[in-house]
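*Asks:* File follows, query_10.tsv with TSV, C-alpha atoms:
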chain	number	residue	atom	x	y	z
R	120	PRO	CA	-7.98	-20.01	9.22
R	121	VAL	CA	-8.53	-16.45	10.40
R	122	GLU	CA	-7.21	-15.69	13.87
R	123	TRP	CA	-7.59	-12.90	16.41
R	124	VAL	CA	-4.26	-11.13	16.93
R	125	GLY	CA	-2.99	-8.37	19.16
R	126	LYS	CA	-0.68	-7.71	22.07
R	127	LYS	CA	-1.20	-9.88	25.13
R	128	GLU	CA	-0.48	-6.79	27.22
R	129	LEU	CA	-3.96	-5.54	26.26
R	130	LEU	CA	-5.69	-8.57	27.74
R	131	PRO	CA	-5.87	-7.33	31.35
R	132	ILE	CA	-8.08	-4.46	30.17
R	133	LEU	CA	-10.10	-6.58	27.71
R	134	ASP	CA	-12.81	-8.94	28.79
R	135	ASP	CA	-16.32	-9.86	27.71
R	136	LYS	CA	-17.72	-6.74	29.41
R	137	SER	CA	-15.31	-4.14	28.00
R	138	THR	CA	-15.52	-2.37	24.66
R	139	ILE	CA	-13.11	-4.10	22.29
R	140	PRO	CA	-10.94	-1.72	20.25
R	141	LEU	CA	-10.69	-2.98	16.67
R	142	VAL	CA	-8.15	-2.32	13.93
R	143	LEU	CA	-9.77	-3.14	10.60
R	144	SER	CA	-9.68	-2.40	6.90
R	145	PRO	CA	-12.29	-0.03	5.49
R	146	THR	CA	-15.48	-1.34	3.93
R	147	PRO	CA	-15.78	-3.46	1.82
R	148	CYS	CA	-13.68	-6.11	3.54
R	149	VAL	CA	-14.65	-9.72	4.22
R	150	TYR	CA	-12.59	-9.86	7.42
R	151	ARG	CA	-14.17	-6.66	8.71
R	152	THR	CA	-17.68	-7.99	8.06
R	153	ASN	CA	-16.92	-11.35	9.71
R	154	VAL	CA	-15.32	-9.73	12.77
R	155	ILE	CA	-18.21	-7.34	13.37
R	156	GLU	CA	-20.89	-9.99	12.78
R	157	SER	CA	-19.12	-12.43	15.09
R	158	LEU	CA	-18.85	-9.89	17.91
R	159	ASN	CA	-22.43	-8.71	17.45
R	160	GLN	CA	-23.77	-12.29	17.53
R	161	CYS	CA	-22.03	-12.78	20.88
R	162	HIS	CA	-23.34	-9.41	22.15
R	163	LEU	CA	-19.80	-8.11	22.70
R	164	LYS	CA	-19.25	-4.36	22.61
R	165	TRP	CA	-16.69	-3.04	20.15
R	166	ARG	CA	-15.44	0.20	18.64
R	167	LEU	CA	-13.35	0.97	15.59
R	168	ALA	CA	-10.05	2.25	16.99
R	169	PHE	CA	-8.16	2.46	13.69
R	170	SER	CA	-8.80	1.76	10.02
R	171	SER	CA	-6.28	1.33	7.23
R	172	PRO	CA	-6.44	-0.25	3.78
R	173	SER	CA	-2.86	-1.50	4.13
R	174	TYR	CA	-1.63	-4.57	5.97
R	175	ALA	CA	1.42	-2.65	7.22
R	176	GLY	CA	-0.77	0.14	8.61
R	177	LYS	CA	-3.01	-2.28	10.49
R	178	MET	CA	-0.09	-4.25	11.89
R	179	ALA	CA	1.62	-1.04	13.05
R	180	ALA	CA	-1.57	0.06	14.84
R	181	VAL	CA	-1.97	-3.32	16.53
R	182	ARG	CA	1.71	-3.40	17.47
R	183	ALA	CA	1.29	0.07	19.04
R	184	GLY	CA	-1.53	-1.33	21.20
R	185	LEU	CA	-4.39	0.60	19.59
R	186	GLY	CA	-6.52	-2.52	19.33
R	187	ILE	CA	-6.82	-6.04	18.01
R	188	THR	CA	-7.52	-7.40	14.55
R	189	ALA	CA	-8.16	-10.62	12.65
R	190	ILE	CA	-5.90	-11.99	9.93
R	191	GLN	CA	-4.98	-15.30	8.36
R	192	GLY	CA	-2.85	-17.40	10.66
R	193	SER	CA	-0.07	-17.64	8.09
R	194	MET	CA	0.23	-13.82	8.00
R	195	ILE	CA	0.66	-13.21	11.74
R	196	PRO	CA	3.91	-11.32	12.33
R	197	ASN	CA	6.18	-12.58	15.10
R	198	PHE	CA	5.69	-9.40	17.14
R	199	LEU	CA	1.95	-10.10	17.65
R	200	ASP	CA	0.17	-12.78	19.65
R	201	LYS	CA	-2.72	-15.07	18.77
R	202	LEU	CA	-5.68	-14.24	21.01
R	203	ASP	CA	-8.00	-17.10	20.06
R	204	ASP	CA	-7.75	-18.79	23.46
R	205	TYR	CA	-9.50	-15.93	25.26
R	206	PHE	CA	-13.14	-14.81	25.36
R	207	LEU	CA	-13.24	-13.80	21.70
R	208	PRO	CA	-15.60	-15.74	19.40
R	209	SER	CA	-14.22	-17.99	16.70
R	210	LEU	CA	-14.07	-16.52	13.23
Using structure tokens, write down the structure that the file contains.

*Replies:*
Amino acid sequence: PVEWVGKKELLPILDDKSTIPLVLSPTPCVYRTNVIESLNQCHLKWRLAFSSPSYAGKMAAVRAGLGITAIQGSMIPNFLDKLDDYFLPSL
């Protein structure tokens, strides 16, 4: 399954009324498409905070607190947190 991941420290400034900063791969990317469609269907505001074609680049940006992303659960590094239990839609 694909999971929302990020730093829990961002959660106090993120809620269903804020603009969600996203860290995504460039187009074409299945994860990117699913994330954007899921947020749009729930009428959540978002912005692209950082884009990188590499896994390492995206994880570094999320670790630095630039935004959140979605990856397979088995690929979540130990320095990031699952954010699925919050207001974010399922993917």

*Asks:* Find the residues near Val121 of chain R: any atom within 12 Å, counting only C-alpha atoms, skip ones fewer than 6 places away on the same chain, and give them as a ChimeraX atom specification.

*Replies:* /R:149-151,153-154,188-195,201-203,208-210

*Asks:* Using all atoms of segment 155-170 of chain R listed in the file and a margin of 8 Å per side, can you give the axis-aligned box centre and edge lengths in Å to one decimal, as lines of an AutoDock Vina configuration file?

*Replies:*
center_x = -16.0
center_y = -5.2
center_z = 16.4
size_x = 31.6
size_y = 31.2
size_z = 28.7

*Asks:* Given all atoms listed in the file as the basis, pick out the residue of R:Ile132, R:Val142, R:Glu156, R:Asp200 nearest to Tyr174 of chain R.

*Replies:* R:Val142

*Asks:* State, in Å with one decimal place, the distance from atom CA of Arg182 of chain R to atom CA of Cys161 of chain R.

*Replies:*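 Atom-to-atom, atom CA of Arg182 of chain R and atom CA of Cys161 of chain R are spaced 25.8 Å apart.
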
*Asks:* Taking 2 positions as the minimum chain separation for residues in the same chain, which residues sit within 12 Å of Lys177 of chain R when counting all atoms listed in the file? Answer as an NGL selection string.

*Replies:* :R and (124-125 or 141-145 or 167-175 or 179-190 or 195-196 or 199)

*Asks:* Take atom CA of Trp165 of chain R and atom CA of Ile139 of chain R and report the distance between them in Å, one decimal.

*Replies:* 4.3 Å

*Asks:* Which is closest to Leu207 of chain R among R:Leu129, R:Trp123, R:Ile155, R:Ser137, if we use all atoms listed in the file?

*Replies:*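 Going through R:Leu129, R:Trp123, R:Ile155, R:Ser137 one by one, the smallest distance to Leu207 of chain R is for R:Trp123.
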
*Asks:* Kindly give the distance, in Å, that separates atom CA of Lys164 of chain R and atom CA of Thr146 of chain R, rounded to a single decimal.

*Replies:*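 Between atom CA of Lys164 of chain R and atom CA of Thr146 of chain R the gap is 19.3 Å.
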
*Asks:* Nearest to His162 of chain R: which of R:Asp135, R:Pro140, R:Phe198, R:Pro147 is it, counting only C-alpha atoms?

*Replies:* R:Asp135
